[in-house]
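A.B. asks: Attaching a single structure in structure tokens format; questions to follow.
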There are 2 protein chains.
Amino acid sequence: MGKTYIFGHKNPDTDSIVSSIVMADFEKKLGNSEAIACRLGNINKETEFVLQYTGVKAPELIEDLEDGAEVIMVDTANVAEVIPNLDNVKIKRIVDHHQVLLHTAYPLFYRAEPVGCTETIMYKLYKEYGLEIDKTIATLMLSAIISDTLLFKSPTCTEDDKKAAKELTQIAELDYEVYGMEMLKAGTDLSSFSIEEILNLDAKANEFKGVKAIVAQVNTASIPEVMKMKTELEVGIQKIIAERQLDLFMLLITDIIESNTQTIAMGNRADIVEKAYHVKLEDNTAFLEGVVSRKKQVIPVITENA
Amino acid sequence: MGKTYIFGHKNPDTDSIVSSIVMADFEKKLGNSEAIACRLGNINKETEFVLQYTGVKAPELIEDLEDGAEVIMVDTANVAEVIPNLDNVKIKRIVDHHQVLLHTAYPLFYRAEPVGCTETIMYKLYKEYGLEIDKTIATLMLSAIISDTLLFKSPTCTEDDKKAAKELTQIAELDYEVYGMEMLKAGTDLSSFSIEEILNLDAKANEFKGVKAIVAQVNTASIPEVMKMKTELEVGIQKIIAERQLDLFMLLITDIIESNTQTIAMGNRADIVEKAYHVKLEDNTAFLEGVVSRKKQVIPVITENA
């Protein structure tokens with residue numbers, strides 16, 4: 001058996017990094033000793049906290065793979081978010097909770113469910129295959145679920161996520177609220193990043209109805225703290241819009257404690273945001289009450305109002 | 001809860017028809033009383049045998065659905081093989097064992113495995129959800145597995161298929177070899193079909209490396225019997241090639257008892273077949289020893305040699 005390279009999406013979040021580590025463990029427990037956890041980008045502050053807490057080392061950074069390599073994709077099924085030569089490698093398995101955005105030339109093991117976090121599906125797979133989840137793996141999985149669901153407060157969070165988290169909490173022997181809030185707060189530390197980096201930390205490109213858009217998101221414990229950088233952020237956004245010829249750049253500054261978002265929206269189609277949320281952008285910004293999920297509360301809403 | 005329409009691919013085979021009936025049973029057992037088994041084409045002779053044996057009525061024939069309808073796709077994940085407005089309906093679930101050939105705008109429940117038959121995956125789902133499989137459903141599922149694996153002799157057949165079939169045989173209380181051979185033979189009865197219908201019974205369009213091809217397959221208990229129609233088949237193939245501007249039409253006449261195939265291959269790229277199987281087409285035909293599976297032994301082989 002040759003090597004199996006496991007990776008999530010570019011701009012990896014905690015779920016993507018954890019998924020590749022957990023999938024490597026899963027594969028090894030199934031007898032695949034050459035499963036290698038990989039990543040397609042830098043570790044963010046939140047994930048750094050999780051890896052330090054668990055003492056697990058970061059997956060191997062890769063940019064591409066040789067044609068013919070065997071791969072497993074986790075937390076993404078989007079050809080645009082992974083390695084450039086996806087068509088020329090052999091995908092053994094996909095486990096994901098996003099939309100389907102790839103074609104394959106062969107049948108494969110594809111497991112997706114509309115749940116809040118990939119780890120909720122991984123948790124089910126361990127159970128189905130009768131594999132043990134050790135304390136470290138449980139802590140990693142729980143961290144990813146807390147991250148993706150913002151401590152179970154995001155509308156993407158399902159009963160399945162809560163059930164998996166509850167059982168993982170017992171194995172992890174953690175006070176998940178204390179741990180989770182500390183982890184989420186670690187992810188809000190923007191002090192070491194340039195403006196350009198902040199705008200790229202968690203940015204997703206979308207194209208719908210002829211509109212080229214990027215929706216970027218940063219989590220924070222204090223919206224005013226981030227808004228102190230508003231002028232610099234606007235300059236940075238304007239630069240990205242010009243370079244990438246975008247119609248819309250929407251930055252979501254999401255308060256993870258109060259579960260609200262302040263957006264800075266720019267571009268010739270910023271009107272979509274006003275229409276979608278019945279708000280008026282003043283100096284490019286508006287408050288979006290109760291909005292925390294890009295996947296559920298932003299992408300479909302702006303798509304519909306484009 | 002509104003209606004949920006369940007369908008497999010056009011040109012339905014036994015697995016497609018059985019999958020939609022079985023998925024409707026599965027959904028109903030999960031509390032969805034408005035799950036409706038549908039089909040996108042005529043029932044073939046083999047499936048007719050299965051439905052008569054079990055006393056189950058054929059799924060409802062549909063051509064399209066209203067925008068916004070909720071659907072479940074079984075035995076296909078190919079946008080080209082189903083309803084025309086797939087982008088405008090809401091796919092609740094996909095269970096399949098083919099390649100991935102669709103995009104979605106939202107996350108969904110997607111379950112695919114590289115096994116011989118969709119029912120092998122359905123069997124696992126019943127177990128995972130703790131649902132009972134009754135005798136009729138077991139007979140249907142077993143029939144589809146026998147059909148797709150040609151009584152476990154096809155190279156597409158996996159250990160998982162054999163395991164599922166073994167357990168289903170017990171519930172179905174059947175001598176699977178006797179039943180299976182009778183069922184497969186029922187599918188070889190071409191007497192009521194026109195040449196055009198024979199060439200369309202189980203035809204799949206493929207495009208690879210700029211080559212437009214159709215690979216059609218008929219099962220038989222006697223290759224010479226089908227070859228009596230060779231001249232008429234050639235005329236029919238020539239017509240389809242002209243109408244659809246194909247580079248290759250490959251008809252597989254597959255002996256389900258001896259597990260071999262006689263092919264009739266025509267078109268300006270019939271040379272691909274010669275190269276792929278190291279054979280010489282004589283009067284458009286060649287014998288392909290041990291070839292029974294279009295998916296495993298034909299499509300990838302001709303794609304590679306195009």
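Labeling convention for the structure tokens: chains A, B, ... as they appear, residues from 1 per chain, ligands from 1 in order of appearance.
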Pull out every residue of chain B that has at least one atom within 8 Å of chain A, counting only C-alpha atoms, and report them as a list in words.
C.D. replies: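 So the residues of chain B near chain A are His97, His98, Gln99, Val100, Leu101, Leu102, His103, Thr104, Ala105, Tyr106, Pro107, Leu108, Phe109, Tyr110, Arg111, Ala112, Glu113, Pro114 and Glu128 of chain B.
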A.B. asks: Might you pull out every residue within 6 Å of stretch 9-15 of chain B, with only C-alpha atoms counted and same-chain residues fewer than 6 positions away left off, and present them as a PyMOL selection string?
C.D. replies: chain B and resi 40-41+47+76+81-82+144
A.B. asks: For all heavy atoms, I'd like the residues from the last selection saved as an mmCIF file, in the first residue's frame.
C.D. replies:
```cif
data_model
loop_
_atom_site.group_PDB
_atom_site.id
_atom_site.type_symbol
_atom_site.label_atom_id
_atom_site.label_comp_id
_atom_site.auth_asym_id
_atom_site.auth_seq_id
_atom_site.Cartn_x
_atom_site.Cartn_y
_atom_site.Cartn_z
ATOM 1 N N LEU B 40 -37.607 7.293 -14.128
ATOM 2 C CA LEU B 40 -37.448 8.219 -15.251
ATOM 3 C C LEU B 40 -37.403 7.472 -16.581
ATOM 4 O O LEU B 40 -36.830 7.966 -17.554
ATOM 5 C CB LEU B 40 -36.171 9.047 -15.071
ATOM 6 C CG LEU B 40 -36.059 9.865 -13.772
ATOM 7 C CD1 LEU B 40 -34.726 10.614 -13.716
ATOM 8 C CD2 LEU B 40 -37.201 10.863 -13.644
ATOM 9 N N GLY B 41 -38.001 6.289 -16.618
ATOM 10 C CA GLY B 41 -38.002 5.550 -17.881
ATOM 11 C C GLY B 41 -38.711 4.220 -17.720
ATOM 12 O O GLY B 41 -39.228 3.894 -16.644
ATOM 13 N N THR B 47 -36.248 -6.356 -14.602
ATOM 14 C CA THR B 47 -36.923 -5.705 -13.477
ATOM 15 C C THR B 47 -38.392 -6.133 -13.411
ATOM 16 O O THR B 47 -38.961 -6.297 -12.314
ATOM 17 C CB THR B 47 -36.819 -4.170 -13.609
ATOM 18 O OG1 THR B 47 -35.471 -3.819 -13.895
ATOM 19 C CG2 THR B 47 -37.261 -3.476 -12.347
ATOM 20 N N THR B 76 -27.428 7.112 -8.914
ATOM 21 C CA THR B 76 -26.822 8.065 -9.851
ATOM 22 C C THR B 76 -26.495 9.364 -9.122
ATOM 23 O O THR B 76 -27.214 9.764 -8.200
ATOM 24 C CB THR B 76 -27.740 8.387 -11.053
ATOM 25 O OG1 THR B 76 -27.066 9.299 -11.929
ATOM 26 C CG2 THR B 76 -29.051 9.020 -10.611
ATOM 27 N N GLU B 81 -28.186 12.451 -16.231
ATOM 28 C CA GLU B 81 -28.980 11.219 -16.286
ATOM 29 C C GLU B 81 -30.342 11.348 -15.621
ATOM 30 O O GLU B 81 -31.043 10.346 -15.480
ATOM 31 C CB GLU B 81 -28.229 10.081 -15.577
ATOM 32 C CG GLU B 81 -27.121 9.459 -16.382
ATOM 33 C CD GLU B 81 -26.558 8.216 -15.676
ATOM 34 O OE1 GLU B 81 -26.762 8.050 -14.462
ATOM 35 O OE2 GLU B 81 -25.922 7.419 -16.368
ATOM 36 N N VAL B 82 -30.688 12.559 -15.155
ATOM 37 C CA VAL B 82 -31.916 12.655 -14.365
ATOM 38 C C VAL B 82 -32.877 13.714 -14.927
ATOM 39 O O VAL B 82 -32.967 13.864 -16.139
ATOM 40 C CB VAL B 82 -31.588 12.880 -12.867
ATOM 41 C CG1 VAL B 82 -30.899 11.651 -12.272
ATOM 42 C CG2 VAL B 82 -30.732 14.124 -12.661
ATOM 43 N N ALA B 144 -31.341 -6.714 -6.939
ATOM 44 C CA ALA B 144 -30.512 -5.645 -7.512
ATOM 45 C C ALA B 144 -29.031 -5.993 -7.403
ATOM 46 O O ALA B 144 -28.260 -5.757 -8.339
ATOM 47 C CB ALA B 144 -30.807 -4.319 -6.797
#
```
A.B. asks: Excluding same-chain residues fewer than 4 positions from stretch 158-168 of chain A, what lies within 8 Å of it counting only C-alpha atoms, as a list of chain:residue names?
C.D. replies: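 Surrounding residues, per the criterion: A:Val115, A:Gly116, A:Cys117, A:Thr120, A:Tyr123, A:Ala138, A:Thr139, A:Met141, A:Leu142, A:Ile145, A:Phe152, A:Ala172.
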A.B. asks: Pull N, CA and C atoms from the residues just selected and write them as a CSV table (one decimal), in the first residue's frame.
C.D. replies:
```
chain,number,residue,atom,x,y,z
A,115,VAL,N,-24.4,18.7,8.4
A,115,VAL,CA,-24.2,18.9,9.9
A,115,VAL,C,-23.3,20.1,10.0
A,116,GLY,N,-23.1,20.5,11.3
A,116,GLY,CA,-22.3,21.7,11.6
A,116,GLY,C,-20.8,21.5,11.4
A,117,CYS,N,-20.3,20.3,11.5
A,117,CYS,CA,-18.9,20.0,11.5
A,117,CYS,C,-18.5,18.7,11.0
A,120,THR,N,-18.4,15.6,13.4
A,120,THR,CA,-19.6,14.9,13.7
A,120,THR,C,-19.8,13.7,12.9
A,123,TYR,N,-17.1,11.2,13.8
A,123,TYR,CA,-17.5,10.5,15.1
A,123,TYR,C,-18.4,9.3,14.7
A,138,ALA,N,-10.5,12.7,20.8
A,138,ALA,CA,-11.8,13.3,21.3
A,138,ALA,C,-11.7,14.8,21.5
A,139,THR,N,-10.6,15.2,22.1
A,139,THR,CA,-10.4,16.6,22.4
A,139,THR,C,-10.3,17.4,21.1
A,141,MET,N,-11.6,16.5,18.1
A,141,MET,CA,-12.9,16.5,17.5
A,141,MET,C,-13.8,17.5,18.1
A,142,LEU,N,-13.8,17.5,19.5
A,142,LEU,CA,-14.7,18.4,20.2
A,142,LEU,C,-14.3,19.9,19.9
A,145,ILE,N,-15.8,20.8,16.6
A,145,ILE,CA,-17.3,21.1,16.6
A,145,ILE,C,-17.6,22.4,17.3
A,152,PHE,N,-22.0,25.8,19.8
A,152,PHE,CA,-23.4,25.3,19.6
A,152,PHE,C,-24.4,26.5,19.4
A,172,ALA,N,-13.1,13.2,26.5
A,172,ALA,CA,-12.1,14.3,26.6
A,172,ALA,C,-11.9,14.8,28.0
```
A.B. asks: Please list as a VMD selection string every residue within 12 Å of B:Gln217, counting only C-alpha atoms and excluding residues in the same chain fewer than 4 positions away.
C.D. replies: chain B and resid 11 13 187 to 188 197 to 205 226 249 to 256 261 to 265 291 to 295 298
A.B. asks: I'd like the interatomic distance between atom CA of A:Gly2 and atom CA of B:Thr149, to a tenth of an Å.
C.D. replies: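 That distance, rounded to one decimal, is 28.3 Å.
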A.B. asks: List as a PyMOL selection string the protein and nucleic acid residues near stretch 276-285 of chain B, meaning an atom at most 9 Å away when only C-alpha atoms are counted, but skip any in the same chain fewer than 3 places from it.
C.D. replies: chain B and resi 234+262-266+270-273+288+298+301-306
A.B. asks: Report the residues of stretch 62-300 of chain A whose backbone DSSP state falls under helix (DSSP H, G or I), written as a PyMOL selection string.
C.D. replies: chain A and resi 79-81+86-88+118-128+135-149+159-172+176-186+195-200+223-227+230-244+271-277+294-300
A.B. asks: Could you turn the residues from that selection into a file that holds C-alpha atoms, as a JSON list (two decimals), in the first residue's frame?
C.D. replies:
```
[["chain", "number", "residue", "atom", "x", "y", "z"],
["A", 79, "VAL", "CA", -12.05, 21.45, -6.54],
["A", 80, "ALA", "CA", -11.16, 25.16, -6.29],
["A", 81, "GLU", "CA", -10.16, 24.91, -2.63],
["A", 86, "LEU", "CA", -7.03, 17.14, -8.31],
["A", 87, "ASP", "CA", -8.14, 15.57, -11.61],
["A", 88, "ASN", "CA", -4.91, 13.60, -11.81],
["A", 118, "THR", "CA", -16.96, 17.32, 9.70],
["A", 119, "GLU", "CA", -16.00, 15.77, 13.04],
["A", 120, "THR", "CA", -19.62, 14.92, 13.74],
["A", 121, "ILE", "CA", -19.47, 12.64, 10.69],
["A", 122, "MET", "CA", -16.05, 11.30, 11.67],
["A", 123, "TYR", "CA", -17.49, 10.50, 15.08],
["A", 124, "LYS", "CA", -20.21, 8.42, 13.39],
["A", 125, "LEU", "CA", -17.62, 6.65, 11.23],
["A", 126, "TYR", "CA", -15.53, 5.63, 14.25],
["A", 127, "LYS", "CA", -18.68, 4.15, 15.79],
["A", 128, "GLU", "CA", -19.77, 2.37, 12.60],
["A", 135, "LYS", "CA", -8.74, 11.22, 24.72],
["A", 136, "THR", "CA", -6.53, 13.29, 22.40],
["A", 137, "ILE", "CA", -8.61, 12.52, 19.33],
["A", 138, "ALA", "CA", -11.79, 13.27, 21.29],
["A", 139, "THR", "CA", -10.38, 16.65, 22.38],
["A", 140, "LEU", "CA", -9.46, 17.48, 18.78],
["A", 141, "MET", "CA", -12.89, 16.48, 17.48],
["A", 142, "LEU", "CA", -14.70, 18.40, 20.20],
["A", 143, "SER", "CA", -12.56, 21.49, 19.47],
["A", 144, "ALA", "CA", -13.56, 21.40, 15.81],
["A", 145, "ILE", "CA", -17.25, 21.05, 16.64],
["A", 146, "ILE", "CA", -17.06, 23.96, 19.09],
["A", 147, "SER", "CA", -15.19, 26.01, 16.48],
["A", 148, "ASP", "CA", -17.60, 25.35, 13.61],
["A", 149, "THR", "CA", -20.72, 25.82, 15.72],
["A", 159, "GLU", "CA", -28.78, 17.79, 17.01],
["A", 160, "ASP", "CA", -26.18, 15.38, 15.62],
["A", 161, "ASP", "CA", -23.40, 17.86, 16.40],
["A", 162, "LYS", "CA", -24.67, 18.32, 19.96],
["A", 163, "LYS", "CA", -24.95, 14.56, 20.48],
["A", 164, "ALA", "CA", -21.44, 13.90, 19.19],
["A", 165, "ALA", "CA", -20.02, 16.76, 21.28],
["A", 166, "LYS", "CA", -21.72, 15.48, 24.41],
["A", 167, "GLU", "CA", -20.21, 12.04, 24.07],
["A", 168, "LEU", "CA", -16.79, 13.43, 23.07],
["A", 169, "THR", "CA", -16.82, 15.71, 26.12],
["A", 170, "GLN", "CA", -16.99, 12.64, 28.33],
["A", 171, "ILE", "CA", -14.02, 11.00, 26.63],
["A", 172, "ALA", "CA", -12.08, 14.28, 26.60],
["A", 176, "TYR", "CA", -16.34, 22.32, 27.22],
["A", 177, "GLU", "CA", -17.70, 25.81, 27.97],
["A", 178, "VAL", "CA", -14.56, 27.04, 29.66],
["A", 179, "TYR", "CA", -12.26, 25.32, 27.19],
["A", 180, "GLY", "CA", -14.38, 26.34, 24.21],
["A", 181, "MET", "CA", -14.54, 30.01, 25.12],
["A", 182, "GLU", "CA", -10.79, 30.10, 25.72],
["A", 183, "MET", "CA", -10.21, 28.42, 22.35],
["A", 184, "LEU", "CA", -12.55, 30.75, 20.47],
["A", 185, "LYS", "CA", -10.96, 33.79, 22.11],
["A", 186, "ALA", "CA", -7.50, 32.58, 21.06],
["A", 195, "ILE", "CA", -4.36, 44.06, 7.25],
["A", 196, "GLU", "CA", -3.85, 41.93, 4.15],
["A", 197, "GLU", "CA", -3.51, 38.81, 6.29],
["A", 198, "ILE", "CA", -6.64, 39.63, 8.29],
["A", 199, "LEU", "CA", -8.65, 39.95, 5.07],
["A", 200, "ASN", "CA", -7.32, 36.56, 3.91],
["A", 223, "ILE", "CA", -16.45, 44.46, 17.47],
["A", 224, "PRO", "CA", -15.29, 48.00, 18.41],
["A", 225, "GLU", "CA", -11.75, 46.68, 18.85],
["A", 226, "VAL", "CA", -11.69, 45.45, 15.22],
["A", 227, "MET", "CA", -13.51, 48.52, 13.94],
["A", 230, "LYS", "CA", -11.78, 50.28, 9.74],
["A", 231, "THR", "CA", -9.91, 52.76, 7.52],
["A", 232, "GLU", "CA", -6.99, 50.36, 6.97],
["A", 233, "LEU", "CA", -9.41, 47.50, 6.30],
["A", 234, "GLU", "CA", -11.24, 49.60, 3.71],
["A", 235, "VAL", "CA", -7.99, 50.40, 1.91],
["A", 236, "GLY", "CA", -7.07, 46.71, 1.92],
["A", 237, "ILE", "CA", -10.52, 45.68, 0.67],
["A", 238, "GLN", "CA", -10.38, 48.28, -2.12],
["A", 239, "LYS", "CA", -7.05, 46.84, -3.23],
["A", 240, "ILE", "CA", -8.39, 43.26, -3.35],
["A", 241, "ILE", "CA", -11.48, 44.41, -5.28],
["A", 242, "ALA", "CA", -9.27, 46.09, -7.89],
["A", 243, "GLU", "CA", -6.81, 43.20, -8.16],
["A", 244, "ARG", "CA", -9.40, 40.44, -8.39],
["A", 271, "ASP", "CA", -26.27, 47.17, -2.72],
["A", 272, "ILE", "CA", -26.88, 43.40, -2.49],
["A", 273, "VAL", "CA", -26.02, 43.52, 1.21],
["A", 274, "GLU", "CA", -28.46, 46.39, 1.80],
["A", 275, "LYS", "CA", -31.22, 44.54, 0.00],
["A", 276, "ALA", "CA", -30.46, 41.19, 1.61],
["A", 277, "TYR", "CA", -30.52, 42.45, 5.20],
["A", 294, "ARG", "CA", -21.49, 32.63, 6.52],
["A", 295, "LYS", "CA", -22.76, 29.29, 5.19],
["A", 296, "LYS", "CA", -26.34, 29.59, 6.42],
["A", 297, "GLN", "CA", -26.97, 33.29, 6.96],
["A", 298, "VAL", "CA", -24.82, 35.02, 4.37],
["A", 299, "ILE", "CA", -24.00, 33.09, 1.18],
["A", 300, "PRO", "CA", -27.59, 31.93, 0.44]]
```
